[in-house]
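K.L.:
Here it is, the structure in full.
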4 protein chains.
Amino acid sequence: MKKPNARERILETAGRLFFEKGYSGVGINEIIEKAGTAKASFYQYYPSKESLCEAWLRSVHDNSEDFRTELLQKCCSPVEKLACYFDQLEKFLISGGFRGCPYSNTGAVSDDYCSGIAEQIQSHKESIRGFFRAISALQFSDHERADETGDRIFILYSGATSEAQNLKAIWPVHVARKAAVEMLKN
Amino acid sequence: MKKPNARERILETAGRLFFEKGYSGVGINEIIEKAGTAKASFYQYYPSKESLCEAWLRSVHDNSEDFRTELLQKCCSPVEKLACYFDQLEKFLISGGFRGCPYSNTGAVSDDYCSGIAEQIQSHKESIRGFFRAISALQFSDHERADETGDRIFILYSGATSEAQNLKAIWPVHVARKAAVEMLKN
Amino acid sequence: MKKPNARERILETAGRLFFEKGYSGVGINEIIEKAGTAKASFYQYYPSKESLCEAWLRSVHDNSEDFRTELLQKCCSPVEKLACYFDQLEKFLISGGFRGCPYSNTGAVSDDYCSGIAEQIQSHKESIRGFFRAISALQFSDHERADETGDRIFILYSGATSEAQNLKAIWPVHVARKAAVEMLKN
Amino acid sequence: MKKPNARERILETAGRLFFEKGYSGVGINEIIEKAGTAKASFYQYYPSKESLCEAWLRSVHDNSEDFRTELLQKCCSPVEKLACYFDQLEKFLISGGFRGCPYSNTGAVSDDYCSGIAEQIQSHKESIRGFFRAISALQFSDHERADETGDRIFILYSGATSEAQNLKAIWPVHVARKAAVEMLKN
DNA sequence: CATGAATGAGACTTCATTCAT
DNA sequence: AATGAATGAAGTCTCATTCAT
């Protein structure tokens, strides 16, 4: 019984499982079973579980970045951009069962400082930080202030995501959204 | 080779390891080996790995709460209390190698909604949230405003902890601290 | 279903299998199945397959050395000792299906220079060499000659064992025996 | 990147690897990777790993036999022929890192009595044995004595090769050479 | 002639847990 | 109260081989 596109099916399945149960909570066996692949097919495409995780994080990052790039280019005010982002975050958290940030969750488990995973986490987070700074820069001409505000919003965003996960509640996002918008409006 | 307080030694050892490597990254074997206990002794005190984790989280919570209670009773201004808390957070993160919040990290791995672990995470987080609300209440007579500000600071605190872990950097704590203090000062 | 003496059963079973099929031809699964043990029981006693192999080689060496020690102390002439050793070798090879020397066979597969296996192979072989030198020393007062003759007999012994295995025939042992005895007699 | 003679490249690569790491220590994947071939190309030329091993042993045998045939025809005394052979053995073992005899090593792993590999091992060994008998026959007119001496030298040769491998030392070859020459000289 | 994709079986190892003493 | 021995299930990864193109 041969099935094509094993690679893609593996990545999709693993992505879903990693997100739902965390990197350490998912085994290769479960992945290949649910993807309908043979074990050796898995290792043909991904030399290790870790490398699969990296591929997953990369794809998550790409989607995330596309969304943010689009949002920045969208014809609307900085405040609207910010609000839109938090609204999207709310939708994401609710639809995903309050599982939080894939990057933070993965980092909580695989803390090998030198691994490609750790690198990806950092660069993704810096990318989000840059996004908030960019929005801020649209609002404030003072560079320092723009950066400071962007960083603050970044922290709010992160805390909201984390605590929505911990408390299985959406209010942290609402609180963060309101505070962030106020910061941007002055 | 005297071995007093096997129970305590297990808890201490497990706590250290859970914190350093995450709940899922530590095995029973490693715990009992480093604690110098027999396996059966372990299961005499803790019926399962999960229950040991709960005991650890409980002890972490108790220490944390003691510190916060003391801080609230301390003879100083609300702003000083807040600053002191963030300073303590900074010390903790740096000395612990930026391993973040034990509760959030554990929650990222064990997402069983019904388990005692999930309950503890939630109640711990609510306890911290209450602490920030309490500080806020010392500053603002308007209850709603006090709660709103407390919640915002709570989100900042959480985001700072999380991103310090992800980025292996202390700046998120500095940013959060400054923002929190401003919020409290108005 | 608990069974006692797992450790011993594992060693015996593995010894038999390693001897029959070679180190690389035997898997943990086969060993534990034929030993009637659980896999985890195996790893409780032997941290790795390699360590089990070392334990096996050690036991083989101990038996071998006991036999040689006895033989040296036995009240008979050097030539008789030598003949007796080759007769024993013949019996061993025939009863074992011409599987040759456990040490040489293992060395043909695991040639990690630094491993404990390699060390054991060398020390075992040196021990045999010492045995032949000791027999020689009983015959020749000239030390140099005794050593040289011992070494030659050692080489004959090794070649006989190896070629009996390769050719599935006993004549190499007969040839070696005759040559060795002549060397010793002068 | 031209890739001529895939078949030959596979054979060369496999030969090198089989020799260095033993038959069981080399996988198809490693072979085709280092040979720069596709997996299916491999199975086009060699229906199985075992058949590749046979091809390798055959080529080794051919080289070996060519050398011995030449040596027999060379214009020099039997003793010189013999010495030359042992000198060649010494060079081979040293340059090859004391990996011993490809045939004996393979036989230590694949003990399927009916396989083509076992047949090749036996015929190769008989061929070497015949070579030493032939040298002996040049020296001794008595057929029986010639055969007996040839067989003894064969055993010495085998033991020297084996123990040089086990002990990672060249002295067994020197000892065997000296003994063999003496035997031939009488 | 050559190949990339897929595979079932099995490799070695560790998991959290329970048993009899 | 404490322990060493045993366990089933699952972990990640590799094996030699075959298929469709």
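Note on naming: chains are A, B, ... as they come in the structure tokens, residues start from 1 per chain, ligands start from 1 in the order shown.
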Residues at most 8 Å from range 94-99 of chain D, counting only C-alpha atoms (C1' of nucleotides), excluding those fewer than 2 positions away in the same chain, as an MDAnalysis selection string?
P.N.:
(chainID C and resid 108) or (chainID D and resid 19:20 90:92 101:102 164:165 168:170)
K.L.:
Could you list the residues in chain F lying within 12 Å of chain B, using only C-alpha atoms (C1' of nucleotides), and format the result as a tab-separated table (two decimals) with N, CA and C atoms (P, O5', C5', C4', C3', O3' and C1' of nucleotides), in the first residue's frame?
P.N.:
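Output file iface_14.tsv is given in full below:
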```tsv
chain	number	residue	atom	x	y	z
F	1	DA	P	5.82	3.18	57.99
F	1	DA	O5'	7.19	3.85	57.57
F	1	DA	C5'	8.18	4.23	58.48
F	1	DA	C4'	9.54	3.78	57.96
F	1	DA	C3'	9.91	4.34	56.59
F	1	DA	O3'	11.31	4.61	56.57
F	1	DA	C1'	9.87	1.97	56.48
F	2	DA	P	11.99	5.20	55.28
F	2	DA	O5'	12.47	3.91	54.46
F	2	DA	C5'	13.42	3.04	55.06
F	2	DA	C4'	13.78	1.92	54.10
F	2	DA	C3'	14.04	2.36	52.66
F	2	DA	O3'	15.40	2.08	52.33
F	2	DA	C1'	12.70	0.39	52.75
F	3	DT	P	15.95	2.55	50.97
F	3	DT	O5'	15.93	1.21	50.13
F	3	DT	C5'	16.51	0.04	50.70
F	3	DT	C4'	16.09	-1.19	49.92
F	3	DT	C3'	16.32	-1.07	48.41
F	3	DT	O3'	17.32	-1.99	48.04
F	3	DT	C1'	14.28	-2.15	48.92
F	4	DG	P	18.50	-1.57	47.17
F	4	DG	O5'	18.59	-2.80	46.17
F	4	DG	C5'	18.79	-4.10	46.70
F	4	DG	C4'	18.01	-5.11	45.87
F	4	DG	C3'	18.39	-5.14	44.39
F	4	DG	O3'	18.45	-6.51	44.00
F	4	DG	C1'	16.07	-4.79	44.61
F	5	DA	P	18.83	-6.90	42.58
F	5	DA	O5'	17.48	-7.47	41.95
F	5	DA	C5'	16.73	-8.41	42.70
F	5	DA	C4'	15.44	-8.74	41.97
F	5	DA	C3'	15.61	-8.95	40.46
F	5	DA	O3'	14.83	-10.07	40.07
F	5	DA	C1'	14.00	-7.25	40.87
```
K.L.:
What lies within 10 Å of Met183 in chain D using only C-alpha atoms (C1' of nucleotides), ignoring chain neighbours under 3 positions off, as a PDB file with C-alpha atoms, in the first residue's frame?
P.N.:
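As written to disk, part02.pdb reads:
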```pdb
ATOM      1  CA  ALA C 179      53.553 -29.118  14.673  1.00  0.00           C
TER       2      ALA C 179
ATOM      3  CA  VAL D  79      62.264 -19.665   0.706  1.00  0.00           C
ATOM      4  CA  SER D 136      56.698 -26.605  -0.258  1.00  0.00           C
ATOM      5  CA  THR D 149      54.778 -28.482   5.669  1.00  0.00           C
ATOM      6  CA  GLY D 150      52.514 -26.452   3.416  1.00  0.00           C
ATOM      7  CA  ARG D 152      51.623 -25.956   8.733  1.00  0.00           C
ATOM      8  CA  ILE D 153      52.699 -22.790   7.035  1.00  0.00           C
ATOM      9  CA  ARG D 177      57.418 -15.746   9.045  1.00  0.00           C
ATOM     10  CA  LYS D 178      60.464 -16.918  10.923  1.00  0.00           C
ATOM     11  CA  ALA D 179      58.844 -20.224  11.845  1.00  0.00           C
ATOM     12  CA  ALA D 180      57.619 -20.779   8.304  1.00  0.00           C
ATOM     13  CA  ASN D 186      64.302 -27.703   7.486  1.00  0.00           C
TER      14      ASN D 186
END
```
K.L.:
Report the closest atom pair, with its distance in Å rounded to one decimal, for each residue of chain A that has an atom no farther than 9 Å from chain B; count only C-alpha atoms, sort by chain and then rising residue number, and write it as a Markdown table.
P.N.:
```
| residue | atom | partner | partner_atom | distance |
| --- | --- | --- | --- | --- |
| A:Glu20 | CA | B:Asp111 | CA | 8.7 |
| A:Lys21 | CA | B:Val109 | CA | 7.1 |
| A:Gly22 | CA | B:Val109 | CA | 5.8 |
| A:Tyr23 | CA | B:Val109 | CA | 8.0 |
| A:Ser24 | CA | B:Ser24 | CA | 6.6 |
| A:Gly25 | CA | B:Val109 | CA | 6.9 |
| A:Arg99 | CA | B:Ala108 | CA | 7.8 |
| A:Gly100 | CA | B:Ala108 | CA | 8.1 |
| A:Tyr103 | CA | B:Asn166 | CA | 8.3 |
| A:Ser104 | CA | B:Asn166 | CA | 6.6 |
| A:Asn105 | CA | B:Ala108 | CA | 5.1 |
| A:Thr106 | CA | B:Ala108 | CA | 7.9 |
| A:Gly107 | CA | B:Asn166 | CA | 6.6 |
| A:Ala108 | CA | B:Asn105 | CA | 5.2 |
| A:Val109 | CA | B:Gly22 | CA | 5.8 |
| A:Ser110 | CA | B:Lys21 | CA | 8.0 |
| A:Asp111 | CA | B:Lys21 | CA | 7.4 |
| A:Ala118 | CA | B:Asn166 | CA | 8.0 |
| A:Ile121 | CA | B:Asn166 | CA | 6.6 |
| A:Gln122 | CA | B:Leu167 | CA | 5.3 |
| A:Ser123 | CA | B:Leu167 | CA | 8.6 |
| A:Lys125 | CA | B:Leu167 | CA | 7.5 |
| A:Glu126 | CA | B:Leu167 | CA | 8.2 |
| A:Glu148 | CA | B:Val175 | CA | 7.6 |
| A:Asp151 | CA | B:Val175 | CA | 7.1 |
| A:Arg152 | CA | B:Val175 | CA | 6.3 |
| A:Ile153 | CA | B:Leu156 | CA | 9.0 |
| A:Phe154 | CA | B:Gly159 | CA | 8.0 |
| A:Ile155 | CA | B:Gly159 | CA | 4.7 |
| A:Leu156 | CA | B:Leu156 | CA | 5.3 |
| A:Tyr157 | CA | B:Gly159 | CA | 7.2 |
| A:Ser158 | CA | B:Gly159 | CA | 4.6 |
| A:Gly159 | CA | B:Gly159 | CA | 3.5 |
| A:Ala160 | CA | B:Ile155 | CA | 5.9 |
| A:Thr161 | CA | B:Gly159 | CA | 8.3 |
| A:Ser162 | CA | B:Ser158 | CA | 7.1 |
| A:Glu163 | CA | B:Ser158 | CA | 7.2 |
| A:Gln165 | CA | B:Gly107 | CA | 8.1 |
| A:Asn166 | CA | B:Gln122 | CA | 6.2 |
| A:Leu167 | CA | B:Gln122 | CA | 5.3 |
| A:Lys168 | CA | B:Gln122 | CA | 8.4 |
| A:Pro172 | CA | B:Ile155 | CA | 6.9 |
| A:Val173 | CA | B:Ile155 | CA | 9.0 |
| A:Val175 | CA | B:Arg152 | CA | 6.3 |
| A:Ala176 | CA | B:Arg152 | CA | 6.6 |
| A:Ala179 | CA | B:Arg152 | CA | 7.0 |
```
K.L.:
Using only C-alpha atoms (C1' of nucleotides), what table do you get, as CSV, when you list each residue of chain C with an atom no more than 9 Å from chain E, its nearest pair of atoms, and their distance in Å rounded to one decimal, rows by chain then rising number?
P.N.:
```
residue,atom,partner,partner_atom,distance
C:Lys2,CA,E:DC19,C1',8.2
C:Gly27,CA,E:DA11,C1',7.3
C:Ile28,CA,E:DC12,C1',7.4
C:Asn29,CA,E:DG10,C1',8.8
C:Ala40,CA,E:DT14,C1',8.2
C:Tyr43,CA,E:DT13,C1',8.2
C:Ser48,CA,E:DC12,C1',8.1
C:Lys49,CA,E:DC12,C1',7.9
```
K.L.:
Could you list, as a list in words, every residue within 12 Å of Asp62 in chain C, counting only C-alpha atoms (C1' of nucleotides) and ignoring same-chain residues fewer than 6 positions away?
P.N.:
Ala55, Trp56, Arg68, Thr69, Gln120, Ser123, His124, Ser127 and Ile128 of chain C
K.L.:
Would you compute the distance between CA of Ile32 in chain D and CA of Ala14 in chain D? Give it in Å to one decimal.
P.N.:
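Straight-line distance from CA of Ile32 in chain D to CA of Ala14 in chain D works out to 8.5 Å.
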K.L.:
Could you pull out the residues in chain C that DSSP calls helix (DSSP H, G or I) from the backbone, as JSON, numbers by chain?
P.N.:
{"C": [6, 7, 8, 9, 10, 11, 12, 13, 14, 15, 16, 17, 18, 19, 20, 21, 23, 24, 25, 28, 29, 30, 31, 32, 33, 34, 35, 39, 40, 41, 42, 43, 44, 45, 49, 50, 51, 52, 53, 54, 55, 56, 57, 58, 59, 60, 61, 62, 63, 64, 65, 66, 67, 68, 69, 70, 71, 72, 73, 78, 79, 80, 81, 82, 83, 84, 85, 86, 87, 88, 89, 90, 91, 92, 93, 94, 95, 102, 103, 104, 105, 106, 107, 116, 117, 118, 119, 120, 121, 122, 123, 124, 125, 126, 127, 128, 129, 130, 131, 132, 133, 134, 135, 136, 137, 138, 139, 143, 144, 145, 146, 147, 148, 149, 150, 151, 152, 153, 154, 155, 156, 157, 158, 159, 160, 161, 162, 163, 164, 165, 166, 167, 171, 172, 173, 174, 175, 176, 177, 178, 179, 180, 181, 182, 183, 184, 185]}
K.L.:
To one decimal place in Å, what is the distance between CA of Gly116 in chain C and CA of Arg7 in chain C?
P.N.:
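So the two atoms, CA of Gly116 in chain C and CA of Arg7 in chain C, lie 20.1 Å apart.
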